[in-house]
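Asker: Here it is, the structure in full.
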4 protein chains.
Amino acid sequence: MTSTEHTADLSIYTRRESEARSYCRSFPTSFVSARNARMTDADGREYIDFLAGCSSLNYGHNDPDMKQAVIEHLAADGIGHALDFHTGPKQAFLETFERLILEPRGMDHKVMMVGPTGTNAVEAAMKLARKTTGRENIVAFTNGFHGMTLGALAATGNAGKRNGAGMALSGVTRLPYEGAFGEGVDTLAQIEAMLENPSSGLDHPAAFLLEPVQGEGGLNAVSAEWLRGLDRIAKKHGILLILDDIQAGCGRTGTFFSFEEMGVEPDMIPLAKSLSGMGLPFACLLLKPELDVWKPAEHNGTFRGNTHAFITARVALEKFWADDAFSKEIKEKAEILNHRLSAIAGMIPEARVKGRGMMQGVDVGSGELAEAICADCFKAGLIIETSGAHDEVVKVLCPLTIERETLTQGLDILEAAVAARVAGQAPKMAAE
Amino acid sequence: MTSTEHTADLSIYTRRESEARSYCRSFPTSFVSARNARMTDADGREYIDFLAGCSSLNYGHNDPDMKQAVIEHLAADGIGHALDFHTGPKQAFLETFERLILEPRGMDHKVMMVGPTGTNAVEAAMKLARKTTGRENIVAFTNGFHGMTLGALAATGNAGKRNGAGMALSGVTRLPYEGAFGEGVDTLAQIEAMLENPSSGLDHPAAFLLEPVQGEGGLNAVSAEWLRGLDRIAKKHGILLILDDIQAGCGRTGTFFSFEEMGVEPDMIPLAKSLSGMGLPFACLLLKPELDVWKPAEHNGTFRGNTHAFITARVALEKFWADDAFSKEIKEKAEILNHRLSAIAGMIPEARVKGRGMMQGVDVGSGELAEAICADCFKAGLIIETSGAHDEVVKVLCPLTIERETLTQGLDILEAAVAARVAGQAPKMAAE
Amino acid sequence: MTSTEHTADLSIYTRRESEARSYCRSFPTSFVSARNARMTDADGREYIDFLAGCSSLNYGHNDPDMKQAVIEHLAADGIGHALDFHTGPKQAFLETFERLILEPRGMDHKVMMVGPTGTNAVEAAMKLARKTTGRENIVAFTNGFHGMTLGALAATGNAGKRNGAGMALSGVTRLPYEGAFGEGVDTLAQIEAMLENPSSGLDHPAAFLLEPVQGEGGLNAVSAEWLRGLDRIAKKHGILLILDDIQAGCGRTGTFFSFEEMGVEPDMIPLAKSLSGMGLPFACLLLKPELDVWKPAEHNGTFRGNTHAFITARVALEKFWADDAFSKEIKEKAEILNHRLSAIAGMIPEARVKGRGMMQGVDVGSGELAEAICADCFKAGLIIETSGAHDEVVKVLCPLTIERETLTQGLDILEAAVAARVAGQAPKMAAE
Amino acid sequence: MTSTEHTADLSIYTRRESEARSYCRSFPTSFVSARNARMTDADGREYIDFLAGCSSLNYGHNDPDMKQAVIEHLAADGIGHALDFHTGPKQAFLETFERLILEPRGMDHKVMMVGPTGTNAVEAAMKLARKTTGRENIVAFTNGFHGMTLGALAATGNAGKRNGAGMALSGVTRLPYEGAFGEGVDTLAQIEAMLENPSSGLDHPAAFLLEPVQGEGGLNAVSAEWLRGLDRIAKKHGILLILDDIQAGCGRTGTFFSFEEMGVEPDMIPLAKSLSGMGLPFACLLLKPELDVWKPAEHNGTFRGNTHAFITARVALEKFWADDAFSKEIKEKAEILNHRLSAIAGMIPEARVKGRGMMQGVDVGSGELAEAICADCFKAGLIIETSGAHDEVVKVLCPLTIERETLTQGLDILEAAVAARVAGQAPKMAAE
C-alpha cells in the first residue's frame with residue numbers, strides 16, 4: 001500500500017495525538033492527494049481548498065514543475081539535509097532571489113536562513129532589533145500574530161495563545177493598529193503622542209513589528225498612508241521597522257511583498273509559509289545589511305536551510321516572478337473575489353468585506369455564524385476557515401493559482417452556505 | 001542544469017547571506033550530492049561525513065527506501081503540506097511510532113506535532129510544564145543546549161547564544177549537571193539541598209530540563225545512577241522531568257531513546273533532528289497523557305506535521321526499529337569508535353574520550369587544537385566538528401549506518417590529523 | 001551650637017553627597033528652621049513655602065500640637081522604634097483613624113503598616129493585587145508616578161526615572177489617563193476596547209493603579225465621571241482599583257481622600273507623605289478586608305510603624321478632621337488659588353490652570369519658562385517647583401494651613417515673576 | 001492621657017490592622033516606654049530587649065543625648081521634613097560621618113540619601129550596579145535577605161517572602177554562600193567555575209550582593225578568607241561588590257562596618273537600621289565616587305533625608321565612634337555572649353553557636369524548639385526572636401550598650417528556658 005492509498009482510521013489521533021491538534025477537528029476526514037486547489041480524501045471525495053495551508057500554498061498543491069525538480073534531485077542523490085553548508089540548490093535559490101526579487105525592487109537586504117518556521121524568523125528579527133539598538137522594548141500591535149515561541153508569542157495578541165505560555169510575556173508593548181479603536185480615532189497620532197511624552201511610560205522601542213495585513217487577526221489591512229506615517233515616525237525616532245510578511249507575502253496581496261507599493265522600505269522582513277513554493281518548511285529573514293551584526297552561529301538551528309525547499313522555492317520564483325504576469329493574474333482574481341464577497345456580505349446585516357488582494361473575507365458579525373458557515377461549506381466540499389479575534393471573519397485564502405472556474409465554484413458553495421444560514425437552514429451537502 | 005550539476009560560485013553568500021551562517025565557513029566548498037556517509041562537492045571531491053547534520057542524518061544521506069517512498073508520494077500527487085489535517089502519511093507514522101517505539105517500551109506518551117524545529121518542541125514542553133504546574137521556574141543545567149527561540153534559549157547555557165537575545169532571559173534557573181564541578185562534587189546533593197532549603201532562593205521549579213548526553217555542551221553524559229537520582233528528586237518534589245533527546249535520541253546512543261536503559265520515565269521528551277529519518281524538518285514532543293491539557297491550537301504552527309517527513313520517518317522506523325538488529329549494530333560500532341578514540345586520546349597529553357554510543361569524541365584540551373584538527377581533517381576529506389564550552393571536543397557524529405570500512409577510513413584521517421598536529425605539522429591533503 | 005544655629009558650608013555636599021541629590025540644586029541655601037508656611041535659612045532669610053515637602057507638610061512645618069506631643073513622648077522615654085509591636089501610640093492612631101476617617105466614610109478597609117515610604121505602600125498593593133487575582137499584569141497610566149523601587153517604578157511613567165533601573169521593567173501595561181490624547185479622545189472607550197478584544201494583547205490585569213490627581217505628572221486630574229467609568233469597567237472585568245493617594249490625599253484636594261466625593265470605593269489606597277502630619281516618614285496601605293490574605297510578615301520591614309509618626313498622625317486627625325471646618329477652609333483657599341492662578345495664566349499665551357483643590361498650578365507651555373519662573377521666585381523668597389512630563393507646570397503645593405495673607409504674598413511673588421518673564425526680564429530680588 | 005499612659009485594648013489590631021503584622025503576635029502585650037535595653041508594657045511589666053528592633057537599636061532605646069538633641073531641635077522649630085534640601089542637621093551629619101567613619105577608614109565613598117528603608121538602599125545599589133555595568137544579572141546568595149520591594153526581594157532567598165510578590169522575580173542569580181553545602185564543599189570554587197565556563201548559563205553579573213553576616217538567614221558569617229576570595233573573583237571579572245551591612249553594620253559585630261577587618265573594600269554599602277542611632281527611619285547607600293553617575297533625582301523619594309534622624313545619627317557617631325572605646329566594649333560583651341551561648345548550646349544535642357560579635361545565637365536544630373524557647377523567654381521577661389531558614393536559630397540581638405548585668409540577666413532567662421525545654425517542661429513565668 002502506498003502512502004496515497006489508505007484506509008482512514010482516525011482512532012490513532014484520539015489515542016496518541018495531543019489535544020493541541022486543531023484544523024483536523026474542523027475537517028474530520030483523512031486526505032490523500034491534492035493538486036493545485038483541489039484535495040481528495042480517503043473516500044475519494046474532492047474538496048476545493050480555500051485555506052491553502054494558511055497561505056503556505058500560494059502556488060497550489062503539488063505544482064508539477066516544483067515537484068519534478070525535487071523528484072529529480074532525490075533520484076540523483078542530490079544533497080539533502082545540509083545544515084548551512086554551501087550547496088548547489090542554496091546558491092541557486094539565493095542567486096534567483098537576488099535577481100528576481102531583491103534587485104528589481106532596489107532592495108539591498110541580506111537573507112538570513114533561520115529555522116524553518118515563521119516564528120523563528122520573527123524571533124531572529126526581534127533579537128537583532130534588540131541587539132543593534134540596545135533597547136529591549138518592541139512595539140507590536142493589537143490583533144497581531146507572530147508565532148508561538150516565547151519571544152514571538154510576546155508579540156502575538158491572541159489571549160488563548162498567550163495563555164499557553166504559562167508565564168508572563170515580557171519585552172513587548174502593544175499599540176493600536178490602524179482602525180483598532182474605530183474609524184474616527186487616529187491611532188498614528190496616539191503612537192506619536194506616546195513616543196513624544198517622556199512620562200508616557202512607553203520605553204523607547206527597538207522596533208515596530210507588524211503585519212501589513214493581519215491574517216489571523218481578522219484581515220485588517222493598513223493603508224499605505226498609515227504605514228508611511230508609521231515609517232516616518234520610526235525614522236524620526238530611530239526605531240526599526242519590521243514587516244512580518246509571513247502570511248501576506250509571496251504574492252498573496254498581488255505583489256511579491258504585501259507592502260511593496262506603499263512607499264516604505266522595512267529594515268527587516270520575516271518570510272515563511274509560501275516561500276518554498278510547495279509548502280515545504282522554509283523561513284528566512286530579510287535584513288538591511290547594516291543590521292547584519294550577527295556573529296557566526298549566534299542564532300543557529302539544525303534545519304535552517306532546507307535543501308529541497310531551496311529547489312522548489314527557486315522554481316517558484318522562476319515560474320511566477322520572472323515577469324508581472326502572475327501579479328496581474330492575482331489582481332484580476334482579487335477583483336472577482338471582492339465582487340463576489342461584497343455580494344455575500346450584502347446578504348448579512350452589518351457584514352462587511354475585509355482584507356486586500358487574495359486575502360479577503362467577510363466579517364459576518366459573530367464567530368458562531370462564521371463557524372457554522374465554514375462547517376456547512378465543508379459538507380459541501382469546500383475547505384474554508386475563520387479568522388479574527390472572535391473568529392468572526394470567513395477568510396478566503398485559496399491558492400493564487402486557482403483556476404477561475406474553481407474559484408467560482410468555491411464561491412458558489414460559500415454563497416449558498418451563507419444564503420442557507422441567513423434563511424435559517426443548513427445547505428444541502430454536495431454529496432447528497 | 002539540474003540541481004546536482006552546478007558550478008560553485010560562493011560570492012552570493014558573502015553578498016547576500018547573513019553573517020549568521022556558520023558551518024559553511026569551516027567547510028568552504030559547495031556540496032552537490034550525498035549517500036549514506038559520503039558527500040560529494042561541486043568539484044567531484046568526496047568527503048566522509050562525521051557530522052551527519054549534527055545527528056540529523058543518523059540513517060545516512062538519501063536512504064534509498066525513504067527516498068523512494070517520497071518520490072512515489074510526490075509522483076502520485078500525494079498530499080503535501082497539510083497543516084495538522086488527518087492524512088494517510090500522518091496516520092501511518094503515528095500507528096508505526098506507537099507500534100514500534102511506544103508500545104514495546106511501555107510508554108503511554110502522546111505525540112504533539114510542533115513546528116519542525118527542536119527549539120519548538122522544547123518551547124512546547126516548557127510551556128506545558130509551566131501551565132500544568134502553575135510555576136514559572138524551570139531548572140536547566142550547565143552546558144545544556146536547547147534552542148535559539150527565546151524560551152528555549154533561556155535554558156541554553158552558551159553565553160554567545162544567550163547574548164544573541166539582546167535582552168535578559170528569564171524563567172530558568174541553572175543547576176550543575178553531573179560532574180560540572182569535577183569528580184569529587186556530588187551535584188545531586190547540591191540540587192537537593194537547594195530544593196530543601198526554603199531560603200535558598202530557588203523558586204520551586206516546574207520541571208528539570210536536560211539532555212541525557214549533552215551534544216553541544218561537550219559530550220557530557222549523565223550516569224544512570226545520577227539520572228535516577230534526579231528522577232527521584234523530581235518525583236519527591238512534584239517536579240516534571242523533561243529529557244531533551246533531540247540530538248542523543250533516534251538511536252544515536254544505541255537505543256531509540258538515549259535514556260531507555262536507565263530506569264527513568266520522563267514526563268516529556270522533545271524529539272527532532274533524525275526523527276524524519278532523512279533529514280527533513282520534523283519535530284515532536286512526547287508527553288504523558290495526564291499532561292495533555294492543551295486546548296486545540298493553543299500551541300500551533302503552520303509547518304507542524306510535515307507530510308513528507310511522516311513518510312520517511314515511518315520508513316525509518318520500519319527499516320531500523322522493527323527488531324533489535326540495528327541497536328546491536330550501533331553498539332558494535334560504538335565499541336570500535338571508543339577503541340579508536342581512546343588510542344587517539346592517548347596521543348595527546350591529558351586528552352580524554354567523552355560521550356556514549358555513537359556520540360563520542362575526544363577532549364583535546366583546547367578549542368584551538370580541536371579546530372585545527374578538524375580543519376586538517378577537512379583538507380583530508382573528512383567532515384568533522386568540535387563541541388564543548390571552549391570547542392575543545394572533537395566530536396564524531398557519523399551516520400549510524402556508516403559502513404565499517406568508511407568508519408575506519410574516517411578514523412584513520414582523524415588519527416593522522418591528530419598525529420600530525422601532535423608532531424607539530426599539518427597532515428598532507430588527500431587531494432595532493 | 002545647636003542644630004538650628006549653624007554656618008552653612010555647602011562643600012560637604014559636592015564632596016560627599018551623591019549626584020542624585022536634586023531639590024537642593026534648585027534652592028541653593030541651607031535651611032535651619034520653619035513654622036507653618038515659612039522657612040528660614042542660615043542667613044536668617046525667610047521663604048514662603050509653596051512646595052511643602054511635595055505635599056508632605058499639608059499641616060505646615062512644626063505644628064505646635066504635634067511637636068508638643070512628640071516632645072512629651074520623648075521626654076517620658078516613651079517607646080520609640082518598636083518594629084510592629086503593639087504600642088500605645090499605635091493603638092491610639094488606629095482607633096482615631098477608624099473613628100475619624102474610616103467609619104464616617106463607611107469604609108471597612110484595614111490598615112497595613114508598610115515601610116515608611118510611599119513606594120513601599122505601592123509595592124505592597126501591587127503584590128497583593130497579583131497574589132489575590134493570580135494575574136501579573138497591572139495597568140498603570142500615562143504620566144503616573146508611583147515610586148522608585150523596582151515594582152513601583154514599573155508603574156511610573158517618567159523615562160528618566162525608568163532609565164535609572166538599568167534593566168527592563170515588567171509586569172505593567174500602560175493605558176491612557178483621561179485626556180492623554182487630547183480633549184476629543186475618549187480614553188475610557190479605548191481601555192474598554194482593549195479589555196474586550198481577546199486579541200488586543202492586553203493580558204487581563206490584576207488591577208488599575210492610578211492617582212486621582214497626578215502630582216508629578218503635571219497636575220492632571222480625572223473627572224468624577226471618568227473615574228466612575230473606570231470603576232465600572234474594573235467591577236465588570238474583576239479588576240481591582242488601586243487609588244494612589246500619596247500626594248493628593250490627606251486633605252490636599254479639600255477632602256481627606258482625593259476621590260471621596262466621586263462615587264467610587266477603591267480596593268486599595270496607598271497613603272504616605274502628609275499622613276504623619278508633621279513630615280515624619282510614615283506610609284500605610286488601606287485595603288479591603290477580603291483582600292487581606294497576607295501571612296504574618298509576608299511583606300515586612302524594620303521601620304513599618306514609626307511610633308513618633310503615630311503620635312503626630314493622631315494629633316493631626318484630631319485637630320483637623322474631627323469636623324468639616326478644615327475641609328471648608330481648604331476649599332475656600334482653593335478658590336482663591338484658582339482665581340489668582342487663572343489671572344496669572346491669562347498673562348501667558350496658551351497657558352492654563354491645571355489641578356484641583358490646593359493642588360493647582362499653571363501650565364506655562366515649556367519647562368524652560370517654568371523653571372525660570374521658579375528660579376526667579378526663589379530669589380524673591382518663594383519656594384516653588386515645577387511638575388509635568390516636560391516640567392512645564394508651575395505647581396502650588398503650599399501647606400493647607402497657610403495663612404491667607406501668606407498665600408497672597410506668595411502668589412504676589414509668583415505673579416510678579418511671571419509678569420517680569422513675560423515682559424522679558426527677571427524680577428528684582430526681594431533682598432535688593 | 002499622654003501617649004505613655006494608656007490602657008491596652010488589642011481589639012483594634014484584629015479589627016483594623018492587616019494580617020501582615022507579625023512580631024506583635026509573638027509578644028502579645030502593648031509597650032509604652034523603654035530605655036536602653038529595657039522595655040515596659042501597659043501593665044508596668046518590664047522586659048529585657050534581646051531583639052533591639054532587629055538591630056535598629058544598637059545604642060539602646062531613647063539614648064538621652066540623642067533624645068535631648070531632637071527635643072531641642074523640635075522646641076526651636078528646627079527644620080523638620082526637608083526633602084533633600086541642604087539643612088544644618090544634614091550638613092553636620094555628613095561632616096561627622098566623613099570625619100569619624102569614612103576618613104579614618106580611608107574610604108572615599110559618597111553618601112546617597114535614599115528612602116528611609118533598607119530595601120530602598122539595596123534597590124539603589126542594584127540599579128546603579130546595572131546602570132554602570134550595562135548588565136542585568138546580579139548574584140545574590142543562598143539565605144540572603146535584602147528587602148521586600150520587588151528589586152530587593154528578587155535578591156532575598158526566603159520562599160515565603162518571595163511568594164508574596166505574586167509574580168516571578170527576575171534579574172538575580174543565586175549562588176551558594178560560604179558553607180551552604182556543608183563544610184567540605186568549596187563554594188568559592190564553584191562560583192569561579194560558573195563564571196569561567198562560558199556555557200554555564202550564568203550571565204556575567206553586574207555585582208555580587210551579600211551580607212557579611214546573614215541576620216535573617218540564620219547568623220551565617222563569611223570568613224575573611226572567603227570574602228577576600230570573592231572580592232578577588234569580583235575584581236578579576238569586573239564585578240561590583242555590594243556588602244549589605246544593614247543589619248550587621250553600625251557596630252553590631254564590633255567594628256562600625258562588619259567587614260572592616262577583612263581586607264576588602266566594597267563598591268557599595270547599603271546602611272539602615274541603627275544608622276540613625278535611635279531607631280528613626282533612615283537609610284543611605286555608600287558608593288565609590290566613580291560609580292556616582294546618578295542624574296539629579298534619578299532615584300528620588302520624599303523622605304530621603306530624615307532631618308531628625310540626621311541629628312540623632314550625628315550624636316551617635318560623636319558619642320560612640322570618636323574613639324575605639326565602644327568597639328572594645330562590644331568585643332568584650334561579645335566574648336561574654338559567646339561563652340554563655342556555648343554553654344547553652346552544650347545543653348542541646350547537636351546545637352551550635354553561630355554568628356559573630358553581638359550577632360550570635362544558637363542553632364537549636366528545629367524551628368519548633370527555637371520558637372518554644374523564645375515564647376518561654378517572653379513569659380519570663382525577655383524579648384528574643386528566631387532566625388534561619390527554618391527559624392531554627394535563637395538569635396541574640398541586644399543593644400550593644402546593654403549593661404553587663406542586664407545582659408547576664410537576659411542570658412540567665414534564656415538558659416533557664418532552654419534548660420526547662422530540654423528537661424521537658426516550660427519555665428516558670430517571671431511574674432509568678
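Going by the C-alpha cells order, chains are called A, B, ..., each with residues numbered from 1, while ligands are numbered from 1 in the order shown.
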Stretch 138-149 of chain C: which residues within 6 Å, counting only C-alpha atoms, same-chain residues fewer than 3 positions away excluded, as a list in words?
Answerer: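 The neighbour list is Ser199 and Ser200 of chain A; Thr119, Ala152, Leu153, Ala155, Thr156, Gly157, Val172, Thr173, Arg174, Leu175, Pro176, Tyr177, Pro205, Ala206, Ala207, Phe208, Leu209 and Gly217 of chain C.
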Asker: Go ahead and dump the residues you just picked, C-alpha atoms, as a tab-separated table (two decimals), in the first residue's frame.
Answerer:
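The resulting file, selection-v1.tsv, is shown below:
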chain	number	residue	atom	x	y	z
A	199	SER	CA	6.25	60.39	31.00
A	200	SER	CA	4.06	58.13	28.90
C	119	THR	CA	6.85	53.40	47.14
C	152	ALA	CA	6.53	50.71	41.73
C	153	LEU	CA	8.98	52.08	39.20
C	155	ALA	CA	4.24	51.67	37.15
C	156	THR	CA	5.89	55.07	36.93
C	157	GLY	CA	5.82	56.72	33.52
C	172	VAL	CA	2.86	46.67	33.99
C	173	THR	CA	0.89	47.80	30.97
C	174	ARG	CA	0.38	51.49	30.37
C	175	LEU	CA	-3.01	52.82	29.27
C	176	PRO	CA	-4.04	56.41	28.64
C	177	TYR	CA	-5.20	58.61	31.52
C	205	PRO	CA	-4.98	42.83	34.53
C	206	ALA	CA	-4.97	42.31	38.26
C	207	ALA	CA	-5.57	45.99	38.92
C	208	PHE	CA	-5.84	49.52	37.70
C	209	LEU	CA	-3.35	51.69	39.56
C	217	GLY	CA	2.75	64.00	36.06
Asker: Can you tell me, as a ChimeraX atom specification, which residues in stretch 201-379 of chain C count as helix (DSSP H, G or I) by DSSP?
Answerer: /C:224-237,273-276,289-291,307-320,325-346,367-379
Asker: As number ranges by chain, please: all residues of stretch 188-416 of chain A that backbone DSSP puts in strand (DSSP E).
Answerer: A: 207-210, 213-214, 220-221, 240-243, 268-271, 284-287, 352-356, 359-363, 382-383, 385-387, 393-396
Asker: Let's have the selection written as a short mmCIF file (atom, residue, chain, number, x, y, z; two decimals), in the first residue's frame, with N, CA, C and O atoms.
Answerer:
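again.cif, written as the output of this step:
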data_model
loop_
_atom_site.label_atom_id
_atom_site.label_comp_id
_atom_site.auth_asym_id
_atom_site.auth_seq_id
_atom_site.Cartn_x
_atom_site.Cartn_y
_atom_site.Cartn_z
N ALA A 207 11.93 48.53 17.94
CA ALA A 207 11.31 48.29 16.63
C ALA A 207 9.79 48.34 16.72
O ALA A 207 9.21 48.15 17.79
N PHE A 208 9.20 48.63 15.59
CA PHE A 208 7.78 48.37 15.36
C PHE A 208 7.71 47.03 14.61
O PHE A 208 8.42 46.86 13.62
N LEU A 209 6.87 46.16 15.06
CA LEU A 209 6.71 44.85 14.42
C LEU A 209 5.24 44.67 14.05
O LEU A 209 4.38 44.65 14.93
N LEU A 210 4.97 44.57 12.79
CA LEU A 210 3.56 44.42 12.39
C LEU A 210 3.41 43.71 11.06
O LEU A 210 4.36 43.63 10.27
N VAL A 213 -0.96 43.12 6.43
CA VAL A 213 -2.34 42.61 6.50
C VAL A 213 -2.34 41.55 7.61
O VAL A 213 -1.50 40.65 7.59
N GLN A 214 -3.24 41.68 8.55
CA GLN A 214 -3.26 40.74 9.68
C GLN A 214 -4.09 39.52 9.32
O GLN A 214 -5.31 39.59 9.28
N ASN A 220 -7.33 42.56 8.88
CA ASN A 220 -7.16 44.01 8.96
C ASN A 220 -5.97 44.38 8.09
O ASN A 220 -4.92 43.74 8.17
N ALA A 221 -6.15 45.41 7.28
CA ALA A 221 -5.07 45.82 6.38
C ALA A 221 -4.78 47.30 6.61
O ALA A 221 -5.70 48.12 6.63
N LEU A 240 13.40 50.72 14.43
CA LEU A 240 13.42 49.86 13.25
C LEU A 240 12.00 49.46 12.86
O LEU A 240 11.12 49.36 13.72
N LEU A 241 11.81 49.21 11.58
CA LEU A 241 10.51 48.79 11.08
C LEU A 241 10.62 47.34 10.60
O LEU A 241 11.37 47.05 9.66
N ILE A 242 9.89 46.45 11.27
CA ILE A 242 9.88 45.04 10.89
C ILE A 242 8.51 44.71 10.33
O ILE A 242 7.52 44.80 11.06
N LEU A 243 8.46 44.37 9.07
CA LEU A 243 7.18 43.99 8.48
C LEU A 243 7.13 42.48 8.32
O LEU A 243 7.88 41.91 7.52
N MET A 268 13.58 44.98 8.37
CA MET A 268 13.62 43.51 8.40
C MET A 268 12.26 42.96 7.96
O MET A 268 11.23 43.57 8.23
N ILE A 269 12.32 41.82 7.29
CA ILE A 269 11.10 41.19 6.77
C ILE A 269 11.18 39.69 7.01
O ILE A 269 11.92 38.98 6.34
N PRO A 270 10.45 39.18 7.97
CA PRO A 270 10.35 37.72 8.13
C PRO A 270 9.47 37.14 7.03
O PRO A 270 8.39 37.67 6.75
N LEU A 271 9.95 36.06 6.42
CA LEU A 271 9.18 35.35 5.39
C LEU A 271 9.11 33.87 5.75
O LEU A 271 10.04 33.32 6.32
N CYS A 284 12.87 32.53 6.24
CA CYS A 284 14.09 33.33 6.28
C CYS A 284 13.75 34.72 6.79
O CYS A 284 12.59 35.09 6.93
N LEU A 285 14.80 35.44 7.07
CA LEU A 285 14.64 36.83 7.49
C LEU A 285 15.44 37.69 6.53
O LEU A 285 16.64 37.48 6.35
N LEU A 286 14.76 38.66 5.92
CA LEU A 286 15.49 39.65 5.13
C LEU A 286 15.89 40.78 6.06
O LEU A 286 15.07 41.23 6.89
N LEU A 287 17.11 41.24 5.93
CA LEU A 287 17.57 42.29 6.84
C LEU A 287 18.48 43.25 6.12
O LEU A 287 19.25 42.85 5.25
N ARG A 352 -19.34 42.88 6.43
CA ARG A 352 -18.52 43.70 5.53
C ARG A 352 -17.32 42.90 5.05
O ARG A 352 -16.85 41.99 5.72
N VAL A 353 -16.85 43.28 3.88
CA VAL A 353 -15.67 42.64 3.30
C VAL A 353 -14.43 43.25 3.94
O VAL A 353 -14.36 44.46 4.16
N LYS A 354 -13.47 42.42 4.25
CA LYS A 354 -12.21 42.89 4.80
C LYS A 354 -11.03 42.32 4.01
O LYS A 354 -11.18 41.33 3.31
N GLY A 355 -9.88 42.97 4.16
CA GLY A 355 -8.66 42.43 3.57
C GLY A 355 -8.31 43.05 2.24
O GLY A 355 -8.90 44.07 1.84
N ARG A 356 -7.40 42.40 1.56
CA ARG A 356 -6.77 43.00 0.40
C ARG A 356 -6.26 41.89 -0.51
O ARG A 356 -5.80 40.86 -0.02
N MET A 359 -6.53 37.94 -0.18
CA MET A 359 -6.54 37.74 1.26
C MET A 359 -7.72 38.54 1.78
O MET A 359 -7.56 39.52 2.52
N GLN A 360 -8.90 38.13 1.30
CA GLN A 360 -10.11 38.84 1.68
C GLN A 360 -11.08 37.88 2.33
O GLN A 360 -10.98 36.66 2.19
N GLY A 361 -12.02 38.47 3.03
CA GLY A 361 -13.03 37.65 3.69
C GLY A 361 -14.20 38.51 4.10
O GLY A 361 -14.24 39.70 3.81
N VAL A 362 -15.16 37.88 4.74
CA VAL A 362 -16.36 38.60 5.16
C VAL A 362 -16.48 38.51 6.67
O VAL A 362 -16.49 37.41 7.24
N ASP A 363 -16.53 39.68 7.28
CA ASP A 363 -16.83 39.73 8.71
C ASP A 363 -18.34 39.55 8.84
O ASP A 363 -19.11 40.44 8.48
N LEU A 382 -16.03 22.33 0.40
CA LEU A 382 -15.13 23.49 0.38
C LEU A 382 -14.41 23.60 1.72
O LEU A 382 -15.03 23.60 2.78
N ILE A 383 -13.10 23.68 1.65
CA ILE A 383 -12.28 23.89 2.85
C ILE A 383 -12.11 25.38 3.05
O ILE A 383 -11.48 26.05 2.22
N GLU A 385 -11.82 28.60 6.33
CA GLU A 385 -11.69 28.80 7.77
C GLU A 385 -12.04 30.23 8.18
O GLU A 385 -12.17 31.12 7.33
N THR A 386 -12.11 30.43 9.48
CA THR A 386 -12.39 31.76 10.02
C THR A 386 -11.09 32.41 10.47
O THR A 386 -10.07 31.76 10.60
N SER A 387 -11.17 33.68 10.74
CA SER A 387 -10.10 34.36 11.46
C SER A 387 -10.71 35.49 12.25
O SER A 387 -11.93 35.66 12.29
N VAL A 393 -14.60 36.31 11.05
CA VAL A 393 -14.35 36.57 9.64
C VAL A 393 -14.21 35.25 8.88
O VAL A 393 -13.39 34.42 9.23
N VAL A 394 -15.03 35.05 7.85
CA VAL A 394 -14.86 33.91 6.95
C VAL A 394 -13.81 34.34 5.93
O VAL A 394 -13.98 35.33 5.23
N LYS A 395 -12.70 33.60 5.93
CA LYS A 395 -11.49 34.06 5.24
C LYS A 395 -11.22 33.21 4.00
O LYS A 395 -11.12 31.99 4.11
N VAL A 396 -11.06 33.85 2.86
CA VAL A 396 -10.73 33.13 1.63
C VAL A 396 -9.22 33.23 1.39
O VAL A 396 -8.68 34.31 1.20
#
Asker: Can you work out the spacing between atom CA of C:Glu368 and atom CA of C:Val418 in Å, to one decimal?
Answerer: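 The value is 12.7 Å.
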Asker: Quick one: residues within 8 Å of C:Asp108, only C-alpha atoms, excluding same-chain residues fewer than 6 positions away - as a VMD selection string?
Answerer: chain C and resid 102 288 to 289
Asker: Counting only C-alpha atoms, collect the residues of chain D whose closest atom lies at most 6 Å from chain C, and write them out as a CSV table (one decimal) with C-alpha atoms, in the first residue's frame.
Answerer:
chain,number,residue,atom,x,y,z
D,3,SER,CA,1.0,58.6,74.9
D,4,THR,CA,2.9,56.8,77.6
D,6,HIS,CA,-2.6,54.0,78.2
D,16,ARG,CA,-8.3,47.1,61.6
D,17,GLU,CA,-4.7,46.1,61.1
D,18,SER,CA,-3.6,43.9,58.3
D,19,GLU,CA,-2.8,40.2,58.8
D,20,ALA,CA,0.7,41.1,57.7
D,21,ARG,CA,1.6,42.2,61.2
D,22,SER,CA,4.0,39.7,62.8
D,23,TYR,CA,6.2,40.5,65.8
D,24,CYS,CA,3.2,41.6,67.9
D,30,SER,CA,1.3,46.7,74.5
D,31,PHE,CA,4.5,48.6,75.1
D,32,VAL,CA,4.6,52.2,76.5
D,33,SER,CA,8.2,53.1,77.3
D,34,ALA,CA,11.7,51.9,77.0
D,53,GLY,CA,14.4,46.5,66.7
D,71,ILE,CA,13.8,67.7,71.7
D,77,ASP,CA,11.2,74.9,65.4
D,78,GLY,CA,14.2,73.5,63.8
D,79,ILE,CA,13.6,72.5,60.2
D,81,HIS,CA,10.9,67.4,56.8
D,83,LEU,CA,13.1,66.7,51.1
D,84,ASP,CA,16.8,66.7,50.1
D,85,PHE,CA,17.4,70.4,50.8
D,86,HIS,CA,20.5,71.5,52.5
D,87,THR,CA,20.0,71.8,56.2
D,88,GLY,CA,22.1,72.3,59.2
D,89,PRO,CA,21.5,68.8,60.6
D,110,LYS,CA,30.0,59.1,48.7
D,111,VAL,CA,26.7,59.0,50.6
D,112,MET,CA,23.4,58.7,48.7
D,127,LYS,CA,20.0,49.9,40.0
D,130,ARG,CA,23.1,47.6,36.5
D,131,LYS,CA,23.4,51.1,35.1
D,136,GLU,CA,21.2,43.0,34.4
D,150,LEU,CA,10.5,44.0,44.0
D,151,GLY,CA,14.1,44.6,43.2
D,161,LYS,CA,8.8,36.4,51.3
D,164,GLY,CA,4.5,37.5,48.5
D,165,ALA,CA,5.4,39.0,45.2
D,166,GLY,CA,2.6,37.2,43.3
D,167,MET,CA,4.9,37.1,40.2
D,279,GLY,CA,15.6,53.8,65.6
D,281,PRO,CA,13.8,55.7,59.9
D,294,TRP,CA,23.2,59.3,39.0
D,295,LYS,CA,21.5,62.2,37.4
D,296,PRO,CA,19.8,64.6,39.8
D,297,ALA,CA,16.6,62.9,41.2
D,298,GLU,CA,17.2,59.8,39.0
D,303,PHE,CA,11.5,61.0,52.9
Asker: Excluding B:Leu337 and any residue of its chain fewer than 4 positions from it, enumerate the residues within 9 Å of it, using only C-alpha atoms, and give them as a PyMOL selection string.
Answerer: chain B and resi 332-333+341-342+357-358+360-361+396+407-408+411
Asker: I'd like the contact shell of C:Ile330 - 10 Å cut-off, only C-alpha atoms, skipping same-chain residues fewer than 5 positions apart - returned as an MDAnalysis selection string.
Answerer: chainID C and resid 251:255 325 335:336 357:358 399:402
